[in-house]
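Okay, structure first, notes after.
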Amino acid sequence: MTRLLGTYYILLKRFGEQNWWPADSEFEVVIGAILTQSTSWKNVEKAIRNLKKKDVLNPEALYKIDVKNLSGLIRPAGYHNAKARKLKEFINYLHKNYEGNLSLMFQVPAENLRNELLSIWGIGPETADSIMLYAAGKPVFVVDAYTKRIFSRHGFVDGDIDYYGLKDFSEKNLPKDARVLNEFHALLVRLGKEHCRKTKPVCIGCPLEKQCKNKKTKISRKK
DNA sequence: GGCCAGGACACCA
DNA sequence: TGGTGTCATGGC
């Protein structure tokens with residue numbers, strides 16, 4: 001077993017299954033993946049509630065709604081004008097190429113699907129991988145700000161590693177199993193929120209405290 | 001009242 | 001290729 005996989009089991013034992021992605025449908029996962037860009041999930045939930053209330057959280061309605069109305073509904077998620085355009089870019093692509101059928105799109109082989117997603121304006125590496133893993137069920141590792149911070153602070157990778165360096169490292173050291181990759185990313189976000197924040201890291205009680213290399217800000221047990 | 005959150009893109013050197 | 005600015009609301 002790799003050290004990284006061992007870390008996964010440590011987190012799983014401590015936090016339990018996270019049951020990601022919290023959504024009622026694959027389509028909702030895609031929308032959530034775009035809305036959560038650089039935004040806390042609590043704000044995304046409000047935007048999603050608005051979309052549900054107006055009954056537009058489906059491919060047909062989202063295709064028909066005008067971008068201004070859409071922008072107003074997703075306002076709580078921040079960057080609402082930019083995100084409304086992003087949602088429109090995705091839904092237009094889906095209608096143009098797959099008749100608005102997400103299941104049809106997800107039949108595309110993983111590597112091709114990833115390139116297609118990346119070709120859509122507003123969908124970058126992380127959002128593409130989130131959609132691949134949590135909506136399409138493809139076995140890919142999702143890198144985010146928490147992953148980078150946690151892995152560098154705990155000595156898995158250098159702090160200046162880029163997205164694909166981190167993704168390659170992770171996928172080489174973990175089984176190609178969507179269930180594991182799904183759970184691990186969710187556990188890393190949980191760890192990041194509770195113990196490995198950008199500022200004020202709380203190492204005491206962190207399940208990875210012994211491995212932490214964050215000397216500068218690590219909180220000492222000594223009085 | 002400041003910081004930052006489950007990023008991506010445009011622009012510039 | 002890498003650094004910086006922009007997009008913006010809401011919780012803590």
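The chains in the structure tokens are called A, B, ... from first to last as shown; in each chain the residues are counted from 1, and the ligands are counted from 1 in the order shown.
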
Using only C-alpha atoms (C1' of nucleotides), find each residue in chain C having at least one atom no more than 7 Å away from chain A; report its shortest atom-to-atom pair and that distance in Å (one decimal), rows by chain then rising number, as CSV.
```
residue,atom,partner,partner_atom,distance
C:DC7,C1',A:Tyr79,CA,5.2
C:DA8,C1',A:Gly78,CA,4.6
C:DT9,C1',A:Gly78,CA,4.3
C:DG10,C1',A:Asn43,CA,6.8
```

Writing out the chosen residues with C-alpha atoms (C1' of nucleotides) as a PDB file, in the first residue's frame:
```
ATOM      1  C1'  DC C   7     -15.392  38.282 -11.474  1.00  0.00           C
ATOM      2  C1'  DA C   8     -18.945  39.043  -6.271  1.00  0.00           C
ATOM      3  C1'  DT C   9     -21.730  37.125  -2.510  1.00  0.00           C
ATOM      4  C1'  DG C  10     -22.010  35.723   2.246  1.00  0.00           C
TER       5       DG C  10
END
```

Can I get the residues of chain A within 9 Å of chain B, each with the closest pair of atoms and their distance in Å to one decimal, using only C-alpha atoms (C1' of nucleotides), sorted chain first then ascending number, as a Markdown table?
```
| residue | atom | partner | partner_atom | distance |
| --- | --- | --- | --- | --- |
| A:Ala33 | CA | B:DG6 | C1' | 8.3 |
| A:Ile34 | CA | B:DG7 | C1' | 8.7 |
| A:Thr36 | CA | B:DG6 | C1' | 6.3 |
| A:Gln37 | CA | B:DG7 | C1' | 4.6 |
| A:Ser38 | CA | B:DG7 | C1' | 5.2 |
| A:Thr39 | CA | B:DA5 | C1' | 4.6 |
| A:Ser40 | CA | B:DA5 | C1' | 4.4 |
| A:Trp41 | CA | B:DG6 | C1' | 6.9 |
| A:Trp121 | CA | B:DA8 | C1' | 8.6 |
| A:Gly122 | CA | B:DA8 | C1' | 5.8 |
| A:Ile123 | CA | B:DA8 | C1' | 7.0 |
| A:Gly124 | CA | B:DA8 | C1' | 6.0 |
| A:Pro125 | CA | B:DG7 | C1' | 8.9 |
| A:Glu126 | CA | B:DG7 | C1' | 7.5 |
| A:Thr127 | CA | B:DG7 | C1' | 7.8 |
| A:Asp144 | CA | B:DG6 | C1' | 7.0 |
| A:Ala145 | CA | B:DG6 | C1' | 8.1 |
| A:Tyr146 | CA | B:DG6 | C1' | 8.2 |
| A:Ala186 | CA | B:DG6 | C1' | 8.7 |
| A:Val189 | CA | B:DG6 | C1' | 6.8 |
| A:Lys198 | CA | B:DC4 | C1' | 8.5 |
```

Those of segment 2-151 of chain A in DSSP alpha helix (DSSP H), formatted as a PyMOL selection string: chain A and resi 3-15+26-35+41-53+59-64+67-73+80-98+102-105+110-119+125-130+145-151

Test item: residues at most 10 Å from Ile150 of chain A, only C-alpha atoms (C1' of nucleotides), excluding those fewer than 4 positions along its chain, as a VMD selection string: chain A and resid 145 to 146 154 to 157 159 188 to 189 191 to 192 195 to 198 208 212 to 214
